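Student: Enclosed is the structure file entry-v2.cif (mmCIF, C-alpha atoms).
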```cif
data_work
loop_
_atom_site.label_atom_id
_atom_site.label_comp_id
_atom_site.auth_asym_id
_atom_site.auth_seq_id
_atom_site.Cartn_x
_atom_site.Cartn_y
_atom_site.Cartn_z
CA MET A 1 -8.96 7.48 138.31
CA ILE A 2 -6.63 4.61 137.70
CA PRO A 3 -3.95 4.47 135.02
CA THR A 4 -4.39 2.54 131.79
CA GLN A 5 -2.85 -0.94 131.71
CA PHE A 6 0.92 -1.13 131.47
CA ASP A 7 3.65 -3.67 131.93
CA TYR A 8 6.04 -3.12 134.79
CA LEU A 9 9.74 -3.71 135.11
CA ALA A 10 11.86 -3.03 138.18
CA PRO A 11 15.50 -3.61 137.16
CA THR A 12 18.23 -3.70 139.79
CA THR A 13 21.00 -2.24 137.61
CA VAL A 14 21.28 0.80 135.33
CA GLU A 15 22.41 -1.52 132.51
CA GLU A 16 19.18 -3.53 132.68
CA ALA A 17 17.14 -0.34 132.72
CA LEU A 18 19.01 1.01 129.67
CA ALA A 19 18.52 -2.28 127.81
CA ALA A 20 14.77 -2.17 128.47
CA LEU A 21 14.64 1.45 127.36
CA ALA A 22 16.51 0.60 124.16
CA GLU A 23 14.15 -2.28 123.45
CA HIS A 24 10.88 -0.44 124.06
CA GLY A 25 11.82 3.11 123.04
CA ASP A 26 8.89 5.52 123.00
CA ASP A 27 6.52 2.95 124.50
CA ALA A 28 8.43 2.93 127.78
CA LYS A 29 8.46 5.50 130.55
CA ILE A 30 11.06 5.75 133.29
CA MET A 31 9.69 6.09 136.82
CA ALA A 32 11.90 7.52 139.57
CA GLY A 33 9.92 8.34 142.75
CA GLY A 34 6.72 8.55 140.74
CA GLN A 35 5.36 11.57 142.58
CA SER A 36 4.82 13.53 139.37
CA LEU A 37 4.44 10.56 137.00
CA LEU A 38 1.69 8.72 138.88
CA PRO A 39 -0.70 11.70 138.91
CA VAL A 40 -0.07 12.04 135.17
CA LEU A 41 -0.81 8.36 134.60
CA ARG A 42 -3.89 8.50 136.80
CA MET A 43 -5.27 11.42 134.84
CA ARG A 44 -4.37 9.44 131.70
CA LEU A 45 -2.36 12.32 130.28
CA ASN A 46 0.20 9.68 129.40
CA ALA A 47 -0.28 5.98 128.75
CA PRO A 48 3.04 4.14 128.39
CA GLU A 49 3.03 0.44 127.54
CA LEU A 50 5.87 -0.20 129.92
CA VAL A 51 6.89 1.52 133.16
CA ILE A 52 10.54 1.02 134.10
CA ASP A 53 10.81 1.63 137.84
CA LEU A 54 14.31 2.67 138.97
CA GLY A 55 13.34 2.21 142.63
CA ARG A 56 15.22 -1.08 143.03
CA ILE A 57 18.57 0.21 141.74
CA GLU A 58 20.48 0.72 144.97
CA ALA A 59 23.53 2.17 143.18
CA LEU A 60 21.51 5.28 142.30
CA ARG A 61 20.85 6.21 145.93
CA GLY A 62 22.97 8.22 148.31
CA VAL A 63 25.10 11.32 148.68
CA ARG A 64 28.90 11.15 148.56
CA ASP A 65 31.92 13.38 148.78
CA ASP A 66 34.04 13.52 145.62
CA GLY A 67 36.79 16.08 146.05
CA ASP A 68 35.52 19.43 144.86
CA ALA A 69 31.95 18.22 144.45
CA VAL A 70 29.18 16.57 146.41
CA VAL A 71 27.54 13.87 144.31
CA ILE A 72 23.83 13.12 144.70
CA GLY A 73 22.54 9.80 143.33
CA ALA A 74 19.55 10.43 141.09
CA MET A 75 17.26 8.16 143.14
CA THR A 76 18.08 9.76 146.49
CA PRO A 77 14.76 10.80 148.06
CA HIS A 78 14.22 14.49 148.81
CA ALA A 79 13.96 13.74 152.54
CA ALA A 80 17.48 12.26 152.54
CA VAL A 81 18.88 15.16 150.50
CA GLY A 82 17.24 17.60 152.92
CA LYS A 83 19.06 16.24 155.94
CA ASP A 84 22.36 15.27 154.39
CA PRO A 85 25.28 16.71 156.40
CA LEU A 86 27.67 16.93 153.39
CA LEU A 87 25.19 19.05 151.47
CA ALA A 88 24.43 21.18 154.51
CA GLU A 89 28.14 21.97 154.76
CA HIS A 90 29.14 22.32 151.12
CA ALA A 91 26.00 23.14 149.14
CA ALA A 92 23.47 24.44 151.64
CA LEU A 93 21.28 25.90 148.90
CA ILE A 94 20.12 22.40 147.93
CA PRO A 95 18.74 21.32 151.33
CA LYS A 96 17.26 24.80 151.78
CA ALA A 97 15.29 24.34 148.57
CA VAL A 98 14.24 20.80 149.50
CA GLU A 99 12.93 21.88 152.90
CA HIS A 100 9.69 23.31 151.53
CA LEU A 101 9.37 21.20 148.39
CA ALA A 102 5.85 19.69 148.13
CA ASP A 103 5.04 18.02 151.47
CA ALA A 104 6.55 15.49 153.86
CA GLN A 105 4.95 12.41 152.30
CA ILE A 106 6.04 13.41 148.81
CA ARG A 107 9.56 14.22 150.03
CA HIS A 108 9.77 10.63 151.31
CA ARG A 109 9.05 9.15 147.86
CA GLY A 110 10.08 11.81 145.36
CA THR A 111 13.69 11.82 144.22
CA PHE A 112 16.30 14.48 143.47
CA GLY A 113 17.05 13.18 139.98
CA GLY A 114 13.43 12.46 139.15
CA ALA A 115 12.36 16.01 139.89
CA LEU A 116 15.21 17.47 137.83
CA ALA A 117 14.59 15.13 134.90
CA HIS A 118 10.88 16.03 135.00
CA ALA A 119 11.98 19.68 134.51
CA ASP A 120 8.77 21.33 135.61
CA PRO A 121 9.50 25.07 135.33
CA ALA A 122 7.78 25.54 138.70
CA GLY A 123 9.85 22.73 140.29
CA ASP A 124 12.02 23.78 143.21
CA LEU A 125 15.29 22.07 142.34
CA GLY A 126 16.19 23.47 138.91
CA ALA A 127 17.06 27.00 140.06
CA PRO A 128 19.39 25.92 142.89
CA ALA A 129 21.07 23.29 140.68
CA LEU A 130 21.58 25.91 137.97
CA ALA A 131 22.78 28.56 140.42
CA LEU A 132 25.43 26.21 141.85
CA GLY A 133 26.59 25.07 138.42
CA ALA A 134 25.54 21.43 138.83
CA GLN A 135 26.84 18.78 136.44
CA PHE A 136 24.40 16.12 135.27
CA VAL A 137 25.78 12.62 134.71
CA ILE A 138 23.69 10.82 132.09
CA ALA A 139 24.10 7.13 131.21
CA GLY A 140 23.43 5.68 127.78
CA ARG A 141 24.26 2.31 126.26
CA GLY A 142 27.53 3.71 124.96
CA GLY A 143 28.66 4.97 128.37
CA THR A 144 28.12 8.10 130.39
CA ARG A 145 28.37 11.77 129.53
CA THR A 146 28.27 14.87 131.70
CA VAL A 147 26.13 17.87 130.87
CA ALA A 148 26.52 21.29 132.51
CA ALA A 149 23.47 22.83 134.16
CA ASP A 150 23.43 25.62 131.56
CA ASP A 151 22.82 23.00 128.85
CA PHE A 152 20.66 20.57 130.81
CA PHE A 153 17.36 22.46 130.87
CA VAL A 154 16.18 22.72 127.27
CA ASP A 155 12.53 23.75 127.41
CA LEU A 156 9.25 23.15 129.22
CA PHE A 157 9.53 19.61 130.72
CA GLU A 158 12.46 18.97 128.39
CA THR A 159 16.07 18.27 129.32
CA ALA A 160 19.25 17.16 127.58
CA ILE A 161 18.54 13.54 128.60
CA GLY A 162 18.07 11.53 125.39
CA GLU A 163 15.19 9.10 124.91
CA ASP A 164 17.51 6.15 125.42
CA GLU A 165 19.37 7.65 128.39
CA ILE A 166 18.97 7.83 132.18
CA LEU A 167 20.13 10.51 134.62
CA THR A 168 22.27 8.69 137.18
CA GLU A 169 23.79 11.38 139.39
CA VAL A 170 24.16 15.09 139.86
CA ARG A 171 27.47 16.63 140.88
CA ILE A 172 27.18 19.82 142.90
CA PRO A 173 30.42 21.87 143.02
CA LYS A 174 31.27 22.66 146.64
CA HIS A 175 30.36 26.14 147.82
CA THR A 176 31.73 25.72 151.32
CA GLY A 177 31.21 28.77 153.52
CA TRP A 178 28.68 30.38 151.19
CA GLY A 179 25.43 31.67 152.63
CA ALA A 180 22.34 30.27 150.97
CA HIS A 181 18.60 30.76 150.90
CA TYR A 182 15.63 29.60 148.83
CA GLU A 183 12.72 32.02 148.95
CA LYS A 184 9.46 30.64 147.66
CA PHE A 185 6.38 32.75 147.02
CA VAL A 186 3.19 30.69 147.25
CA ARG A 187 -0.45 31.53 147.82
CA VAL A 188 -1.41 28.40 149.73
CA ALA A 189 0.36 25.53 151.47
CA HIS A 190 1.82 22.66 149.46
CA GLN A 191 1.76 24.38 146.09
CA TRP A 192 4.09 25.14 143.25
CA PRO A 193 5.83 28.50 143.70
CA ILE A 194 4.38 31.40 141.72
CA VAL A 195 7.98 32.63 141.69
CA ALA A 196 10.90 31.39 143.76
CA VAL A 197 14.53 32.48 143.99
CA ALA A 198 17.62 30.46 144.90
CA ALA A 199 20.49 32.60 146.16
CA ALA A 200 24.01 31.72 147.29
CA VAL A 201 26.52 34.39 148.23
CA ARG A 202 30.07 34.48 149.54
CA VAL A 203 30.49 37.45 151.84
CA GLU A 204 33.97 38.68 152.81
CA GLY A 205 34.17 41.30 155.54
CA GLY A 206 30.68 42.59 154.86
CA THR A 207 31.18 42.75 151.08
CA ILE A 208 29.60 40.34 148.59
CA ALA A 209 32.56 38.68 146.87
CA GLU A 210 30.58 36.19 144.74
CA ALA A 211 26.89 35.62 144.08
CA ARG A 212 24.75 33.01 142.32
CA VAL A 213 21.05 33.59 141.78
CA GLY A 214 18.59 31.18 140.13
CA LEU A 215 14.94 31.86 139.27
CA THR A 216 12.05 29.38 139.44
CA ASN A 217 8.98 29.78 137.22
CA MET A 218 10.21 32.87 135.37
CA GLY A 219 10.31 31.12 132.00
CA ASN A 220 10.11 27.70 130.37
CA THR A 221 13.26 26.61 132.21
CA PRO A 222 14.97 27.65 135.42
CA LEU A 223 17.08 30.75 134.77
CA ARG A 224 20.22 32.40 136.13
CA ALA A 225 19.73 36.05 137.10
CA ARG A 226 23.15 37.01 135.80
CA ALA A 227 22.50 40.75 135.84
CA VAL A 228 21.75 40.52 139.56
CA GLU A 229 24.84 38.37 140.20
CA GLU A 230 27.09 40.91 138.45
CA ALA A 231 25.47 43.87 140.19
CA LEU A 232 25.94 42.26 143.61
CA VAL A 233 29.67 41.63 143.38
CA GLY A 234 31.67 44.21 145.32
CA GLN A 235 28.59 45.61 147.01
CA PRO A 236 28.02 45.70 150.77
CA ALA A 237 25.56 43.07 152.01
CA SER A 238 23.10 45.80 152.88
CA GLU A 239 19.39 46.32 152.24
CA ASP A 240 19.93 49.24 149.83
CA ALA A 241 22.69 47.64 147.78
CA VAL A 242 20.83 44.33 147.49
CA ARG A 243 17.57 46.11 146.60
CA ALA A 244 19.34 47.95 143.75
CA ALA A 245 20.87 44.76 142.38
CA ALA A 246 17.65 42.76 142.78
CA ALA A 247 15.79 45.32 140.66
CA ARG A 248 17.40 43.58 137.66
CA ALA A 249 16.04 40.11 138.55
CA ALA A 250 13.54 39.97 135.68
CA ASP A 251 16.02 41.17 133.01
CA GLY A 252 15.81 38.89 129.99
CA THR A 253 13.08 36.63 131.43
CA SER A 254 9.81 35.56 129.80
CA PRO A 255 7.59 34.56 132.71
CA PRO A 256 4.23 32.86 132.12
CA SER A 257 0.82 34.43 132.69
CA ASP A 258 -1.67 32.20 134.46
CA LEU A 259 -4.37 32.25 137.14
CA ASN A 260 -1.77 32.97 139.82
CA GLY A 261 -0.56 36.14 138.17
CA ASP A 262 0.33 37.65 134.82
CA ALA A 263 3.82 38.08 133.48
CA ASP A 264 4.21 41.68 134.68
CA TYR A 265 3.22 40.67 138.19
CA ARG A 266 5.82 37.91 138.12
CA ARG A 267 8.50 40.33 136.88
CA HIS A 268 7.79 42.58 139.84
CA LEU A 269 7.59 39.63 142.21
CA ALA A 270 10.99 38.38 141.03
CA THR A 271 12.67 41.60 142.17
CA VAL A 272 11.05 41.44 145.61
CA VAL A 273 11.70 37.72 146.14
CA THR A 274 15.29 38.11 144.90
CA ARG A 275 15.94 40.88 147.42
CA ARG A 276 14.59 38.70 150.23
CA ALA A 277 16.54 35.63 149.09
CA VAL A 278 19.87 37.44 148.72
CA LEU A 279 19.55 39.29 152.04
CA ALA A 280 18.71 36.03 153.83
CA ALA A 281 21.61 34.24 152.10
CA ALA A 282 23.99 37.03 153.14
CA GLY A 283 22.68 36.83 156.70
CA ALA A 284 21.80 40.52 156.51
CA MET B 1 -0.55 -9.75 136.84
CA THR B 2 2.46 -9.46 139.10
CA ARG B 3 2.96 -11.41 142.32
CA ILE B 4 3.71 -9.26 145.37
CA ASN B 5 4.70 -10.26 148.88
CA LEU B 6 4.54 -7.72 151.64
CA THR B 7 3.59 -7.16 155.25
CA VAL B 8 0.47 -5.14 156.00
CA ASP B 9 -0.35 -4.24 159.59
CA GLY B 10 1.84 -7.02 160.84
CA ALA B 11 0.45 -9.79 158.64
CA ARG B 12 2.32 -11.23 155.68
CA VAL B 13 0.27 -11.12 152.50
CA SER B 14 0.85 -12.39 149.00
CA ASP B 15 -1.30 -11.44 146.02
CA ASP B 16 -1.44 -11.07 142.27
CA VAL B 17 -2.03 -7.48 141.21
CA GLU B 18 -2.12 -5.56 137.97
CA PRO B 19 0.93 -3.30 137.80
CA ARG B 20 -1.36 -0.28 137.49
CA THR B 21 -3.06 -1.00 140.82
CA LEU B 22 -2.47 1.85 143.24
CA LEU B 23 -1.41 0.83 146.73
CA VAL B 24 -4.53 2.44 148.20
CA HIS B 25 -6.81 0.40 145.94
CA TYR B 26 -4.95 -2.77 146.84
CA LEU B 27 -5.32 -2.02 150.56
CA ARG B 28 -9.02 -1.18 150.33
CA GLU B 29 -10.31 -3.52 147.67
CA GLN B 30 -8.11 -6.59 147.89
CA LEU B 31 -7.33 -6.56 151.61
CA GLY B 32 -10.55 -4.85 152.78
CA LYS B 33 -8.58 -2.26 154.76
CA THR B 34 -11.07 0.54 154.22
CA GLY B 35 -9.71 2.54 157.15
CA THR B 36 -7.39 4.14 154.61
CA VAL B 37 -9.52 6.46 152.50
CA ILE B 38 -9.24 8.25 149.17
CA GLY B 39 -9.97 11.96 149.39
CA CYS B 40 -8.77 13.40 146.10
CA ASP B 41 -7.55 12.46 142.67
CA THR B 42 -4.48 14.64 142.65
CA SER B 43 -2.28 13.38 145.53
CA ASN B 44 -2.84 16.67 147.37
CA CYS B 45 -5.10 15.74 150.27
CA GLY B 46 -3.12 13.13 152.21
CA ALA B 47 -6.22 11.23 153.42
CA CYS B 48 -4.66 8.00 152.10
CA THR B 49 -1.41 8.38 154.08
CA VAL B 50 0.10 5.10 155.30
CA HIS B 51 3.58 4.14 156.45
CA LEU B 52 5.98 2.30 154.18
CA ASP B 53 8.78 0.79 156.27
CA GLY B 54 7.86 3.25 159.01
CA THR B 55 7.80 6.39 156.86
CA SER B 56 4.71 8.27 155.67
CA VAL B 57 3.68 8.03 152.02
CA LYS B 58 0.53 8.82 150.06
CA SER B 59 -0.83 5.40 149.10
CA CYS B 60 -2.69 6.87 146.10
CA ASN B 61 0.64 7.98 144.70
CA MET B 62 2.35 4.65 144.75
CA LEU B 63 1.80 1.37 142.92
CA ALA B 64 1.08 -1.78 144.88
CA VAL B 65 3.96 -3.46 143.02
CA GLN B 66 6.33 -0.87 144.49
CA ALA B 67 5.42 -2.12 147.98
CA ASP B 68 6.64 -5.64 147.12
CA GLY B 69 9.02 -6.78 149.86
CA HIS B 70 8.16 -3.88 152.11
CA GLU B 71 6.17 -3.32 155.29
CA VAL B 72 3.01 -1.22 155.21
CA THR B 73 1.21 0.10 158.28
CA THR B 74 -2.27 1.56 157.89
CA ILE B 75 -4.47 3.32 160.43
CA GLU B 76 -5.95 -0.11 161.16
CA GLY B 77 -2.61 -1.40 162.33
CA LEU B 78 -1.75 1.46 164.64
CA ALA B 79 -3.48 0.27 167.82
CA THR B 80 -1.82 -2.50 169.82
CA ASP B 81 -3.91 -5.19 171.53
CA GLY B 82 -7.02 -3.00 171.57
CA GLU B 83 -5.16 0.01 173.00
CA LEU B 84 -5.32 3.11 170.84
CA HIS B 85 -1.99 4.56 169.77
CA PRO B 86 -1.25 7.73 171.79
CA VAL B 87 -1.82 9.87 168.69
CA GLN B 88 -5.22 8.26 168.09
CA GLU B 89 -6.03 8.80 171.76
CA ALA B 90 -4.98 12.47 171.48
CA PHE B 91 -7.20 13.07 168.45
CA ARG B 92 -10.12 11.60 170.45
CA GLU B 93 -9.26 13.58 173.56
CA CYS B 94 -8.84 16.93 171.77
CA HIS B 95 -11.62 16.35 169.26
CA GLY B 96 -9.13 16.66 166.43
CA LEU B 97 -11.79 15.92 163.84
CA GLN B 98 -15.13 17.10 162.57
CA CYS B 99 -16.42 14.86 159.76
CA GLY B 100 -13.48 12.52 160.31
CA TYR B 101 -12.66 11.83 156.68
CA CYS B 102 -9.14 13.25 156.77
CA THR B 103 -8.45 11.73 160.19
CA PRO B 104 -6.73 8.46 159.18
CA GLY B 105 -4.24 10.41 157.07
CA MET B 106 -3.84 13.15 159.66
CA ILE B 107 -3.05 10.57 162.34
CA MET B 108 -0.60 8.61 160.18
CA GLN B 109 1.23 11.81 159.21
CA SER B 110 1.23 13.05 162.81
CA VAL B 111 2.84 9.78 163.95
CA ASP B 112 5.54 10.29 161.31
CA LEU B 113 6.01 13.92 162.33
CA LEU B 114 6.43 13.04 166.01
CA LYS B 115 8.90 10.30 165.15
CA GLU B 116 11.10 12.87 163.36
CA ASN B 117 10.45 15.70 165.79
CA PRO B 118 9.17 14.52 169.21
CA HIS B 119 8.33 18.01 170.48
CA PRO B 120 7.35 20.19 167.53
CA SER B 121 6.28 23.82 167.81
CA GLU B 122 2.87 24.83 166.54
CA GLU B 123 4.44 26.10 163.32
CA GLU B 124 6.38 22.86 162.85
CA ILE B 125 3.15 20.89 163.29
CA ARG B 126 1.36 23.01 160.69
CA LEU B 127 4.27 22.63 158.25
CA GLY B 128 4.57 18.91 158.99
CA LEU B 129 0.88 18.40 158.15
CA GLU B 130 1.11 20.55 155.03
CA GLY B 131 0.28 17.59 152.81
CA ASN B 132 -2.95 16.77 154.65
CA LEU B 133 -6.09 18.76 153.93
CA CYS B 134 -9.09 19.03 156.26
CA ARG B 135 -12.12 20.18 154.30
CA CYS B 136 -13.93 21.03 157.57
CA THR B 137 -10.96 23.31 158.28
CA GLY B 138 -10.65 21.73 161.69
CA TYR B 139 -6.93 22.41 161.82
CA HIS B 140 -6.97 24.14 165.18
CA ASN B 141 -7.90 21.04 167.16
CA ILE B 142 -5.76 18.84 164.95
CA VAL B 143 -2.73 20.90 165.95
CA LYS B 144 -3.82 20.70 169.59
CA ALA B 145 -4.15 16.93 169.28
CA VAL B 146 -0.59 16.61 167.99
CA GLN B 147 0.67 18.79 170.85
CA HIS B 148 -1.32 16.65 173.30
CA ALA B 149 0.11 13.47 171.79
CA ALA B 150 3.65 14.83 172.10
CA GLU B 151 3.07 15.35 175.81
CA HIS B 152 1.32 12.04 176.39
CA GLY B 153 3.55 9.32 175.06
CA GLY B 154 3.04 9.83 171.32
CA ALA B 155 6.53 11.08 170.61
CA GLY B 156 8.80 8.69 168.79
CA GLN B 157 6.28 5.81 168.79
CA SER B 158 5.78 4.13 165.47
CA GLY B 159 3.14 1.84 166.96
CA GLY B 160 1.42 -1.13 165.44
CA LYS B 161 2.47 -4.69 165.13
CA HIS B 162 5.41 -5.88 163.13
CA ALA B 163 5.78 -8.99 161.08
CA ALA B 164 7.61 -10.94 163.74
CA GLU B 165 4.75 -10.57 166.23
CA VAL B 166 1.90 -11.77 164.06
CA PRO B 167 1.54 -15.18 162.44
CA ALA B 168 1.07 -15.20 158.68
CA SER B 169 -2.58 -15.20 157.71
#
```
If you took the structure in this file and wrote it as structure tokens, what would it be?

Tutor:
Amino acid sequence: MIPTQFDYLAPTTVEEALAALAEHGDDAKIMAGGQSLLPVLRMRLNAPELVIDLGRIEALRGVRDDGDAVVIGAMTPHAAVGKDPLLAEHAALIPKAVEHLADAQIRHRGTFGGALAHADPAGDLGAPALALGAQFVIAGRGGTRTVAADDFFVDLFETAIGEDEILTEVRIPKHTGWGAHYEKFVRVAHQWPIVAVAAAVRVEGGTIAEARVGLTNMGNTPLRARAVEEALVGQPASEDAVRAAAARAADGTSPPSDLNGDADYRRHLATVVTRRAVLAAAGA
Amino acid sequence: MTRINLTVDGARVSDDVEPRTLLVHYLREQLGKTGTVIGCDTSNCGACTVHLDGTSVKSCNMLAVQADGHEVTTIEGLATDGELHPVQEAFRECHGLQCGYCTPGMIMQSVDLLKENPHPSEEEIRLGLEGNLCRCTGYHNIVKAVQHAAEHGGAGQSGGKHAAEVPAS
């Protein structure tokens, strides 16, 4: 199918994009890489009058070092995020999650900010961003504001980005020297995870000193597995200790039931996938 | 209508398109480049894979207007002066196809894969072609074809003609 008719605007600055958004309001739709939006438009699940393509705004691309954070421009393609040396060194969880996101062609077009703003609960980037305490920089006509990851994901496909705002960059606090792993449980190639777990741990002399664990597709938004994080601290990075902590992975979650598995299955799966993710992150 | 100017398989083209026109429809219907096929409606199958500025993309998941100012290479632009690209040659040699419908996309993605990773392992080939589906399930020979191409001059070759070599049509 082809989308319904729409007008198209490709501004070269964030200011122009914000002005167009202010003028057209609900009738306009922002397009980042378009890898989720275009299928939606083709299936005519959405029919905006105007598509505002951010693809020509060069200022939104790239990864840079900013003191205690690595900053990812919202329009940086997944492929570039996946091989960025700064991220590999200071926030390895992000490239690990990107590595198996969708497929190669989609990683060339899809963007880091676009995927996060889309906020699909089965998307691969929410859990790692949440686990590392990302900060979301959002531009509006009155200036920019920064939203913490805990407040960014509001509900199913809903974020803290206002209707007249645009996500411009994501600041990832440095976790230099932390081990990281993203474990994704899928039935077939190139699919959304049934459950996935993002884990980052700092191991000191064989003991887990700090841990961050994020869950994908265990609720309407990505979730922190705080009970697991707390249970891991002070424990040896061993199979038994990690298994005991991971048993709490589904605490407080409300996973969906669908054709891939019901909620109870996902709760069980979360404990298994968490154990694998944490052990791999700890290098155990 | 929006005016777009781009390079397709080495030739500069300029056309008016509706903003909603998908790149694959523009290539097939306005330029007659039917070598690039449409296999699904969900952007899963990868049959429509082309290169945008030398990098693989699914042309059903991109608007023609987004290609304005860029360079597109389709399966039809991969051969040079009648000589098949080494990856095309390898698919022929290893019979990396059954019905052939997924082949244009498989070849375009394999060229991209070998550019990034000139000597991939079998697992890396299977992962690299994750976004391309073969309904005949002929994956075994497709993987062999990519391995053959890697050993026979297909590694790191983008292939095709570039704008500078072809006069504007």

Student: For chain A against chain B, with a cut-off of 8 Å and counting all atoms listed in the file, what is the closest atom pair and its distance in Å to one decimal for every residue that makes the cut, ordered by chain and number, as CSV?

Tutor:
```
residue,atom,partner,partner_atom,distance
A:Met1,CA,B:Asp41,CA,6.8
A:Ile2,CA,B:Arg20,CA,7.2
A:Pro3,CA,B:Arg20,CA,5.9
A:Thr4,CA,B:Arg20,CA,7.0
A:Gln5,CA,B:Arg20,CA,6.0
A:Phe6,CA,B:Arg20,CA,6.5
A:Asp7,CA,B:Pro19,CA,6.5
A:Tyr8,CA,B:Pro19,CA,5.9
A:Gly34,CA,B:Met62,CA,7.1
A:Gln35,CA,B:Asn61,CA,6.3
A:Leu38,CA,B:Asn61,CA,6.0
A:Pro39,CA,B:Thr42,CA,6.1
A:Arg42,CA,B:Asp41,CA,8.0
A:Gly55,CA,B:Gln66,CA,7.9
A:Ala102,CA,B:Gly131,CA,7.6
A:Asp103,CA,B:Gly131,CA,5.0
A:Ala104,CA,B:Gly128,CA,6.5
A:Gln105,CA,B:Val57,CA,4.6
A:Ile106,CA,B:Val57,CA,6.7
A:His108,CA,B:Val57,CA,6.7
A:Arg109,CA,B:Val57,CA,6.9
A:Ala189,CA,B:Glu130,CA,6.2
A:His190,CA,B:Glu130,CA,6.0
```

Student: Can those selected residues be exported to a file as a PDB file, keeping the file's coordinate frame so that it contains C-alpha atoms?

Tutor:
```pdb
ATOM      1  CA  MET A   1      -8.960   7.480 138.310  1.00  0.00           C
ATOM      2  CA  ILE A   2      -6.630   4.610 137.700  1.00  0.00           C
ATOM      3  CA  PRO A   3      -3.950   4.470 135.020  1.00  0.00           C
ATOM      4  CA  THR A   4      -4.390   2.540 131.790  1.00  0.00           C
ATOM      5  CA  GLN A   5      -2.850  -0.940 131.710  1.00  0.00           C
ATOM      6  CA  PHE A   6       0.920  -1.130 131.470  1.00  0.00           C
ATOM      7  CA  ASP A   7       3.650  -3.670 131.930  1.00  0.00           C
ATOM      8  CA  TYR A   8       6.040  -3.120 134.790  1.00  0.00           C
ATOM      9  CA  GLY A  34       6.720   8.550 140.740  1.00  0.00           C
ATOM     10  CA  GLN A  35       5.360  11.570 142.580  1.00  0.00           C
ATOM     11  CA  LEU A  38       1.690   8.720 138.880  1.00  0.00           C
ATOM     12  CA  PRO A  39      -0.700  11.700 138.910  1.00  0.00           C
ATOM     13  CA  ARG A  42      -3.890   8.500 136.800  1.00  0.00           C
ATOM     14  CA  GLY A  55      13.340   2.210 142.630  1.00  0.00           C
ATOM     15  CA  ALA A 102       5.850  19.690 148.130  1.00  0.00           C
ATOM     16  CA  ASP A 103       5.040  18.020 151.470  1.00  0.00           C
ATOM     17  CA  ALA A 104       6.550  15.490 153.860  1.00  0.00           C
ATOM     18  CA  GLN A 105       4.950  12.410 152.300  1.00  0.00           C
ATOM     19  CA  ILE A 106       6.040  13.410 148.810  1.00  0.00           C
ATOM     20  CA  HIS A 108       9.770  10.630 151.310  1.00  0.00           C
ATOM     21  CA  ARG A 109       9.050   9.150 147.860  1.00  0.00           C
ATOM     22  CA  ALA A 189       0.360  25.530 151.470  1.00  0.00           C
ATOM     23  CA  HIS A 190       1.820  22.660 149.460  1.00  0.00           C
TER      24      HIS A 190
END
```

Student: Applied to the shown file, which residues does the PyMOL selection byres ((chain A and resi 235) around 12) return, written as a list in words?

Tutor: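 Output from the PyMOL selection byres ((chain A and resi 235) around 12), applied to this file: Val201, Arg202, Val203, Glu204, Gly205, Gly206, Thr207, Ile208, Ala209, Glu210, Ala211, Val228, Glu229, Glu230, Ala231, Leu232, Val233, Gly234, Pro236, Ala237, Ser238, Glu239, Asp240, Ala241, Val242, Arg243, Ala244, Ala245 and Ala282 of chain A.
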
Student: Would you translate the PyMOL selection byres ((chain B and resi 70-78) around 7) into the concrete set of residues it matches in this file, as a count of residues only?

Tutor: 21

Student: Separation of CA of Pro256 in chain A and CA of Met218 in chain A, in Å?

Tutor: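 These two atoms are separated by 6.8 Å.
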
Student: Once the PyMOL selection byres ((chain B and resi 153) around 10) has been applied to the shown file, what residues remain in the selection, as a ChimeraX atom specification?

Tutor: /B:85-87,90,118,148-152,154-157

Student: For CA of Gly219 in chain A and CA of Leu156 in chain A, determine how far apart the two atoms are, in Å to one decimal place.

Tutor: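 One can read the CA of Gly219 in chain A to CA of Leu156 in chain A distance as 8.5 Å.
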
Student: Near His181 in chain A, counting all atoms listed in the file, which residues have an atom at most 10 Å away, once you skip same-chain residues fewer than 6 positions from it, shown as a PDB file with C-alpha atoms, in the frame of the given file?

Tutor:
```
ATOM      1  CA  ALA A  92      23.470  24.440 151.640  1.00  0.00           C
ATOM      2  CA  LEU A  93      21.280  25.900 148.900  1.00  0.00           C
ATOM      3  CA  ILE A  94      20.120  22.400 147.930  1.00  0.00           C
ATOM      4  CA  PRO A  95      18.740  21.320 151.330  1.00  0.00           C
ATOM      5  CA  LYS A  96      17.260  24.800 151.780  1.00  0.00           C
ATOM      6  CA  ALA A  97      15.290  24.340 148.570  1.00  0.00           C
ATOM      7  CA  PRO A 128      19.390  25.920 142.890  1.00  0.00           C
ATOM      8  CA  VAL A 197      14.530  32.480 143.990  1.00  0.00           C
ATOM      9  CA  ALA A 198      17.620  30.460 144.900  1.00  0.00           C
ATOM     10  CA  ALA A 199      20.490  32.600 146.160  1.00  0.00           C
ATOM     11  CA  ALA A 200      24.010  31.720 147.290  1.00  0.00           C
ATOM     12  CA  VAL A 201      26.520  34.390 148.230  1.00  0.00           C
ATOM     13  CA  VAL A 213      21.050  33.590 141.780  1.00  0.00           C
ATOM     14  CA  ARG A 276      14.590  38.700 150.230  1.00  0.00           C
ATOM     15  CA  ALA A 277      16.540  35.630 149.090  1.00  0.00           C
ATOM     16  CA  VAL A 278      19.870  37.440 148.720  1.00  0.00           C
ATOM     17  CA  LEU A 279      19.550  39.290 152.040  1.00  0.00           C
ATOM     18  CA  ALA A 280      18.710  36.030 153.830  1.00  0.00           C
ATOM     19  CA  ALA A 281      21.610  34.240 152.100  1.00  0.00           C
ATOM     20  CA  ALA A 282      23.990  37.030 153.140  1.00  0.00           C
ATOM     21  CA  GLY A 283      22.680  36.830 156.700  1.00  0.00           C
TER      22      GLY A 283
END
```
